[in-house]
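Below is target-v8.txt, which holds compact mmCIF, C-alpha atoms.
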# COMPACT_ATOMS: atom_id res chain seq x y z
CA MET D 162 -22.60 -311.40 -160.54
CA SER D 163 -22.42 -313.99 -163.38
CA LEU D 164 -19.41 -316.06 -164.49
CA MET D 165 -17.19 -316.10 -167.57
CA ASP D 166 -16.86 -319.17 -169.78
CA LYS D 167 -13.74 -320.27 -171.66
CA LYS D 168 -14.77 -318.04 -174.59
CA LYS D 169 -14.67 -315.00 -172.28
CA GLN D 170 -18.44 -314.64 -172.43
CA MET D 171 -20.35 -313.70 -169.28
CA LYS D 172 -23.01 -316.21 -168.25
CA LYS D 173 -25.95 -315.52 -165.95
CA ILE D 174 -26.42 -318.23 -163.31
CA SER D 175 -29.83 -319.45 -162.09
CA VAL D 176 -30.59 -321.99 -159.37
CA VAL D 177 -33.95 -323.79 -159.38
CA ILE D 178 -35.14 -325.31 -156.08
CA PRO D 179 -38.46 -327.08 -155.37
CA THR D 180 -39.79 -326.68 -151.82
CA MET D 181 -42.67 -327.96 -149.73
CA ASN D 182 -42.65 -327.40 -145.97
CA GLU D 183 -38.87 -327.06 -145.71
CA SER D 184 -38.71 -324.07 -143.35
CA LYS D 185 -36.28 -325.77 -140.93
CA ASN D 186 -33.84 -326.50 -143.77
CA ILE D 187 -33.89 -323.13 -145.52
CA LYS D 188 -31.07 -321.46 -143.53
CA GLU D 189 -28.71 -324.37 -144.22
CA VAL D 190 -29.27 -324.11 -147.97
CA PHE D 191 -29.99 -320.49 -148.87
CA SER D 192 -27.41 -318.83 -146.63
CA ASN D 193 -24.69 -320.85 -148.36
CA ILE D 194 -25.61 -320.30 -152.01
CA PRO D 195 -22.61 -318.51 -153.61
CA ASP D 196 -22.86 -314.78 -154.25
CA PHE D 197 -22.12 -315.24 -157.95
CA VAL D 198 -25.55 -316.86 -158.44
CA ASP D 199 -27.66 -314.21 -160.17
CA GLU D 200 -31.10 -315.71 -159.74
CA ILE D 201 -32.82 -318.19 -157.42
CA VAL D 202 -36.14 -319.62 -158.59
CA VAL D 203 -38.16 -321.47 -155.96
CA VAL D 204 -41.22 -323.49 -156.90
CA ASP D 205 -43.11 -323.98 -153.65
CA GLY D 206 -45.81 -326.61 -153.21
CA ASN D 207 -48.08 -324.32 -151.21
CA SER D 208 -46.07 -324.74 -147.99
CA THR D 209 -47.90 -324.13 -144.71
CA ASP D 210 -44.89 -323.93 -142.36
CA GLY D 211 -43.48 -320.53 -143.31
CA THR D 212 -41.02 -321.82 -145.94
CA ARG D 213 -41.51 -318.85 -148.26
CA GLU D 214 -41.09 -316.32 -145.47
CA GLU D 215 -37.94 -318.10 -144.26
CA ILE D 216 -36.42 -317.96 -147.75
CA LYS D 217 -36.84 -314.19 -147.87
CA LYS D 218 -34.79 -313.82 -144.68
CA TYR D 219 -31.71 -315.17 -146.43
CA ARG D 220 -32.25 -314.29 -150.10
CA SER D 221 -34.80 -311.49 -150.39
CA ASP D 222 -34.36 -311.41 -154.18
CA THR D 223 -35.61 -314.99 -154.61
CA LYS D 224 -38.28 -315.46 -157.26
CA ILE D 225 -41.00 -317.60 -155.64
CA ILE D 226 -43.69 -319.43 -157.57
CA THR D 227 -46.44 -321.01 -155.49
CA GLU D 228 -48.47 -323.87 -156.89
CA GLN D 229 -50.40 -326.90 -155.71
CA PRO D 230 -47.98 -329.79 -155.07
CA SER D 231 -47.81 -332.10 -158.08
CA GLY D 232 -44.41 -333.72 -157.55
CA LYS D 233 -40.75 -332.83 -157.91
CA GLY D 234 -40.77 -333.22 -161.68
CA ALA D 235 -43.70 -330.86 -162.12
CA ALA D 236 -42.03 -328.27 -159.89
CA MET D 237 -38.74 -328.54 -161.78
CA LYS D 238 -40.44 -328.05 -165.14
CA THR D 239 -42.10 -324.87 -163.87
CA GLY D 240 -38.80 -323.64 -162.46
CA PHE D 241 -36.91 -324.31 -165.67
CA GLU D 242 -39.49 -322.36 -167.64
CA MET D 243 -39.24 -319.36 -165.33
CA ALA D 244 -35.44 -319.32 -164.95
CA THR D 245 -33.73 -316.67 -167.08
CA GLY D 246 -30.10 -317.72 -166.61
CA ASP D 247 -27.76 -318.93 -169.32
CA LEU D 248 -26.70 -321.75 -166.97
CA ILE D 249 -29.26 -323.42 -164.71
CA ILE D 250 -28.61 -325.55 -161.63
CA MET D 251 -31.21 -327.85 -160.06
CA MET D 252 -30.86 -328.74 -156.40
CA ASP D 253 -32.92 -329.83 -153.39
CA ALA D 254 -33.98 -327.75 -150.41
CA ASP D 255 -33.56 -330.41 -147.72
CA GLY D 256 -29.86 -329.82 -147.10
CA SER D 257 -28.71 -332.99 -148.86
CA HIS D 258 -27.01 -330.98 -151.64
CA ASP D 259 -24.09 -328.82 -150.58
CA PRO D 260 -24.31 -325.34 -152.17
CA GLY D 261 -20.52 -325.28 -151.95
CA GLU D 262 -20.44 -327.82 -154.79
CA ILE D 263 -22.12 -325.42 -157.23
CA PRO D 264 -18.75 -324.27 -158.66
CA LEU D 265 -17.79 -327.92 -159.27
CA LEU D 266 -20.99 -328.44 -161.26
CA LEU D 267 -20.50 -325.26 -163.26
CA ASP D 268 -16.85 -325.88 -164.20
CA PRO D 269 -17.64 -328.44 -166.96
CA ILE D 270 -20.41 -326.21 -168.35
CA LEU D 271 -18.11 -323.20 -168.51
CA ASP D 272 -15.59 -325.47 -170.25
CA GLY D 273 -18.03 -326.44 -173.00
CA PHE D 274 -20.15 -329.34 -171.73
CA ASP D 275 -23.94 -329.12 -172.03
CA VAL D 276 -24.74 -330.88 -168.75
CA ALA D 277 -22.90 -331.65 -165.52
CA LYS D 278 -24.53 -334.24 -163.28
CA GLY D 279 -23.49 -334.98 -159.74
CA SER D 280 -22.52 -338.56 -158.93
CA ARG D 281 -22.35 -340.05 -155.46
CA LEU D 282 -20.43 -343.02 -156.82
CA LEU D 283 -17.41 -341.35 -158.39
CA PRO D 284 -14.18 -341.14 -156.36
CA GLY D 285 -14.57 -338.08 -154.17
CA GLY D 286 -18.35 -338.45 -153.98
CA GLY D 287 -20.46 -340.34 -151.49
CA SER D 288 -23.67 -340.43 -149.51
CA ALA D 289 -24.73 -340.40 -145.89
CA ASP D 290 -28.29 -341.25 -146.92
CA PHE D 291 -27.88 -344.25 -149.24
CA THR D 292 -29.76 -347.17 -147.68
CA PRO D 293 -28.77 -350.64 -148.94
CA PHE D 294 -32.12 -350.94 -150.73
CA ARG D 295 -31.79 -347.58 -152.48
CA ARG D 296 -28.18 -348.33 -153.39
CA LEU D 297 -29.21 -351.67 -154.94
CA GLY D 298 -32.08 -350.08 -156.86
CA ASN D 299 -29.85 -347.31 -158.18
CA LYS D 300 -27.23 -349.86 -159.27
CA ILE D 301 -29.84 -351.89 -161.17
CA PHE D 302 -31.28 -348.83 -162.89
CA VAL D 303 -27.82 -347.49 -163.81
CA SER D 304 -26.95 -350.85 -165.37
CA MET D 305 -30.21 -350.92 -167.33
CA VAL D 306 -29.76 -347.40 -168.70
CA ASN D 307 -26.11 -347.97 -169.58
CA THR D 308 -27.01 -351.19 -171.42
CA LEU D 309 -30.11 -349.94 -173.23
CA TYR D 310 -28.86 -346.45 -174.12
CA SER D 311 -25.07 -346.97 -174.43
CA THR D 312 -24.27 -344.53 -171.65
CA ASN D 313 -21.48 -344.68 -169.07
CA TYR D 314 -23.25 -343.25 -166.04
CA THR D 315 -22.15 -344.12 -162.52
CA ASP D 316 -25.22 -342.61 -160.85
CA LEU D 317 -28.79 -342.05 -162.00
CA CYS D 318 -31.31 -341.21 -159.26
CA TYR D 319 -29.59 -338.05 -158.05
CA GLY D 320 -30.84 -334.57 -158.83
CA TYR D 321 -27.89 -332.22 -158.33
CA ARG D 322 -27.19 -331.02 -161.87
CA ALA D 323 -26.25 -328.05 -164.04
CA PHE D 324 -27.38 -327.32 -167.59
CA LYS D 325 -26.91 -324.87 -170.37
CA LYS D 326 -30.27 -323.21 -170.98
CA GLU D 327 -30.22 -324.35 -174.60
CA ALA D 328 -29.58 -327.93 -173.46
CA LEU D 329 -32.73 -327.90 -171.34
CA ASP D 330 -34.62 -326.58 -174.36
CA ARG D 331 -33.64 -329.73 -176.27
CA ILE D 332 -35.15 -332.22 -173.83
CA TYR D 333 -38.84 -332.46 -173.01
CA CYS D 334 -39.55 -334.30 -169.77
CA SER D 335 -43.09 -335.45 -169.06
CA SER D 336 -42.40 -336.92 -165.60
CA ASN D 337 -43.97 -335.21 -162.60
CA GLY D 338 -42.22 -337.11 -159.81
CA PHE D 339 -38.74 -338.13 -158.70
CA GLU D 340 -38.36 -340.13 -161.91
CA ILE D 341 -37.63 -336.88 -163.75
CA GLU D 342 -33.93 -337.38 -162.98
CA THR D 343 -33.90 -340.70 -164.84
CA GLU D 344 -35.89 -339.28 -167.74
CA GLN D 345 -33.49 -336.35 -168.02
CA SER D 346 -30.52 -338.71 -168.10
CA ILE D 347 -32.03 -340.74 -170.92
CA LEU D 348 -33.19 -337.77 -172.99
CA MET D 349 -29.83 -336.04 -172.63
CA LYS D 350 -28.21 -339.05 -174.26
CA LYS D 351 -30.86 -339.26 -176.97
CA ALA D 352 -30.41 -335.57 -177.75
CA GLY D 353 -26.64 -336.01 -178.17
CA LEU D 354 -25.72 -333.60 -175.38
CA LYS D 355 -22.18 -333.46 -173.99
CA ILE D 356 -22.46 -334.78 -170.42
CA LYS D 357 -19.90 -334.74 -167.63
CA GLU D 358 -20.33 -336.47 -164.27
CA VAL D 359 -18.70 -334.81 -161.26
CA PRO D 360 -18.24 -336.18 -157.72
CA SER D 361 -20.89 -335.07 -155.24
CA PHE D 362 -21.60 -335.89 -151.61
CA GLU D 363 -25.20 -336.43 -150.53
CA ALA D 364 -25.77 -335.47 -146.89
CA LYS D 365 -28.66 -336.68 -144.80
CA ARG D 366 -31.82 -334.58 -144.91
CA LYS D 367 -31.35 -332.01 -142.16
CA ASN D 368 -34.95 -331.90 -140.89
CA GLY D 369 -38.32 -333.41 -141.75
CA ASN D 370 -39.25 -336.45 -143.81
CA SER D 371 -38.66 -337.15 -147.48
CA ASN D 372 -41.58 -337.60 -149.88
CA LEU D 373 -39.62 -340.31 -151.71
CA ASN D 374 -41.17 -343.78 -151.62
CA SER D 375 -38.58 -346.31 -152.76
CA ILE D 376 -41.09 -348.91 -154.02
CA ARG D 377 -43.59 -346.58 -155.68
CA ASP D 378 -40.99 -344.31 -157.22
CA GLY D 379 -38.83 -347.28 -158.19
CA PHE D 380 -41.63 -348.59 -160.40
CA LYS D 381 -42.03 -345.13 -161.94
CA ILE D 382 -38.31 -345.06 -162.76
CA LEU D 383 -38.50 -348.52 -164.32
CA ASN D 384 -41.48 -347.41 -166.40
CA VAL D 385 -39.55 -344.38 -167.71
CA ILE D 386 -36.55 -346.52 -168.68
CA LEU D 387 -38.68 -348.98 -170.66
CA LYS D 388 -41.05 -346.39 -172.13
CA GLU D 389 -38.22 -344.30 -173.55
CA TYR D 390 -36.47 -347.38 -174.92
CA LEU D 391 -39.59 -348.38 -176.86
CA LYS D 392 -40.25 -344.84 -178.10
CA PRO D 393 -39.05 -344.05 -181.67
CA SER D 394 -35.87 -342.02 -181.38
CA ASP D 395 -36.99 -339.45 -183.94
CA THR D 396 -39.67 -338.17 -181.57
CA ILE D 397 -37.13 -336.75 -179.14
CA ASN D 398 -37.04 -333.17 -180.42
CA LYS D 399 -40.38 -332.87 -182.18
CA LYS D 400 -42.17 -329.66 -181.21
CA ASP D 401 -45.60 -331.16 -181.72
CA GLU D 402 -48.86 -329.62 -180.59
CA HIS D 403 -48.76 -331.38 -177.22
CA ILE D 404 -45.37 -329.94 -176.28
CA ILE D 405 -46.24 -326.45 -177.52
CA SER D 406 -49.54 -326.57 -175.65
CA TYR D 407 -47.79 -327.73 -172.49
CA THR D 408 -45.11 -325.02 -172.69
CA ASN D 409 -47.70 -322.29 -173.23
CA LYS D 410 -49.73 -323.64 -170.32
CA VAL D 411 -46.69 -323.61 -168.00
CA ASN D 412 -45.77 -320.06 -169.03
CA THR D 413 -49.30 -318.75 -168.53
CA GLU D 414 -49.98 -320.47 -165.23
CA SER D 415 -46.53 -319.79 -163.81
CA ARG D 416 -46.72 -316.10 -164.60
CA GLN D 417 -50.03 -315.93 -162.80
CA ARG D 418 -48.43 -317.53 -159.69
CA ILE D 419 -45.06 -315.80 -159.63
CA SER D 420 -44.20 -313.34 -156.86
CA THR D 421 -41.49 -310.70 -156.72
CA PRO D 422 -39.15 -310.27 -153.73
CA ASP D 423 -41.77 -308.08 -152.02
CA HIS D 424 -44.55 -310.62 -152.79
CA ARG D 425 -46.44 -308.35 -155.20
CA PRO D 426 -47.72 -310.00 -158.40
CA LEU D 427 -45.77 -309.09 -161.50
CA ASP D 428 -47.54 -307.02 -164.13
CA PHE D 429 -47.01 -308.68 -167.50
CA LYS D 430 -49.09 -306.20 -169.49

Show me the file's structure as structure tokens.
Amino acid sequence: MSLMDKKKQMKKISVVIPTMNESKNIKEVFSNIPDFVDEIVVVDGNSTDGTREEIKKYRSDTKIITEQPSGKGAAMKTGFEMATGDLIIMMDADGSHDPGEIPLLLDPILDGFDVAKGSRLLPGGGSADFTPFRRLGNKIFVSMVNTLYSTNYTDLCYGYRAFKKEALDRIYCSSNGFEIETEQSILMKKAGLKIKEVPSFEAKRKNGNSNLNSIRDGFKILNVILKEYLKPSDTINKKDEHIISYTNKVNTESRQRISTPDHRPLDFK
């Protein structure tokens, strides 16, 4: 259906969702995605519980890419490469992100911002799944990033976001795990993108167990913060051989894995 921005230009909307054994959560998420969303791209970590089949019950037009599980970051990078929308939303499949908030994320983008990132800590936001340990870790990491990179973020480790396609093209994330959200936040600032935080409420995971490990993933987030701080700033947008090679590899492998709504391989000849 698409949406119109403030310049009266129609924008195609894509949603990218990573999944792995989320069949019991699919109805909660996919049945509530707004009708104006033109494209849903799912990157599935080879689920064995019928996740892909469940998705088709609620959105038969979903583009599903199946790959071996390599982490949330790896799945998001594949999804971003395969999404064809002008505006791209990233969200989780566990029911913690309310699809009803998609318009709130898109409003700043349609108004001219490059990125809108959900924040659980703005007035109007919140979380039913923020343990004291996770809240403390997030607060420490937010303070570090704001100090080292001169940002004004209120939240960091939260992956409900919307981007202009061209904004995603300006940041190259190498993270394969949950730390991709922190890396994105840092690279967005380095790239000079216009960023708007919007209130968001994080619900508890509806069913199943999270793959997040607070200690392990906390160290990965810390590593990203320090690594990017020590990296020369002029490397941010270089299209060197490594990045070109990676992009070509993602395109080739993803096209080999992609399935159409009726599960037949696409013919790219």

Close residues, D:Pro284 itself excluded, 10 Å, only C-alpha atoms, min 3 positions apart in chain, as an mmCIF file with C-alpha atoms, in the coordinates of the input:
data_model
loop_
_atom_site.group_PDB
_atom_site.id
_atom_site.type_symbol
_atom_site.label_atom_id
_atom_site.label_comp_id
_atom_site.auth_asym_id
_atom_site.auth_seq_id
_atom_site.Cartn_x
_atom_site.Cartn_y
_atom_site.Cartn_z
ATOM 1 C CA SER D 280 -22.520 -338.560 -158.930
ATOM 2 C CA ARG D 281 -22.350 -340.050 -155.460
ATOM 3 C CA GLY D 287 -20.460 -340.340 -151.490
ATOM 4 C CA VAL D 359 -18.700 -334.810 -161.260
ATOM 5 C CA PRO D 360 -18.240 -336.180 -157.720
ATOM 6 C CA SER D 361 -20.890 -335.070 -155.240
#

Quiz item: Within 12 Å of D:Asp199, counting all atoms listed in the file, which residues qualify if same-chain residues fewer than 5 places away don't, as a PyMOL selection string?
Solution: chain D and resi 162-164+171-177+194+220+222-224+244-250

Please list as a JSON list (two decimals) with C-alpha atoms, in the coordinates of the input every residue within 10 Å of D:Gly369, counting only C-alpha atoms and excluding residues in the same chain fewer than 6 positions away.
[["chain", "number", "residue", "atom", "x", "y", "z"],
["D", 182, "ASN", "CA", -42.65, -327.40, -145.97],
["D", 183, "GLU", "CA", -38.87, -327.06, -145.71],
["D", 184, "SER", "CA", -38.71, -324.07, -143.35],
["D", 185, "LYS", "CA", -36.28, -325.77, -140.93],
["D", 186, "ASN", "CA", -33.84, -326.50, -143.77],
["D", 255, "ASP", "CA", -33.56, -330.41, -147.72]]

Self-check item: Spatial neighbours of D:Val306, max dist 10 Å, all atoms listed in the file, sep filter under 2 positions, as a PyMOL selection string
Solution: chain D and resi 301-304+308-314+317+343+346-347+383+386-387+390

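One distance worth recording is that between atom CA of D:Asn384 and atom CA of D:Met349, which is 17.4 Å.
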
Self-check item: Selection near D:Val385, 12 Å with all atoms listed in the file, sequence-local residues under 2 positions removed, as a PyMOL selection string
Solution: chain D and resi 302+305-306+334-348+378-383+387-392

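Interatomic distance, atom CA of D:Leu266 against atom CA of D:Lys357: 9.0 Å.
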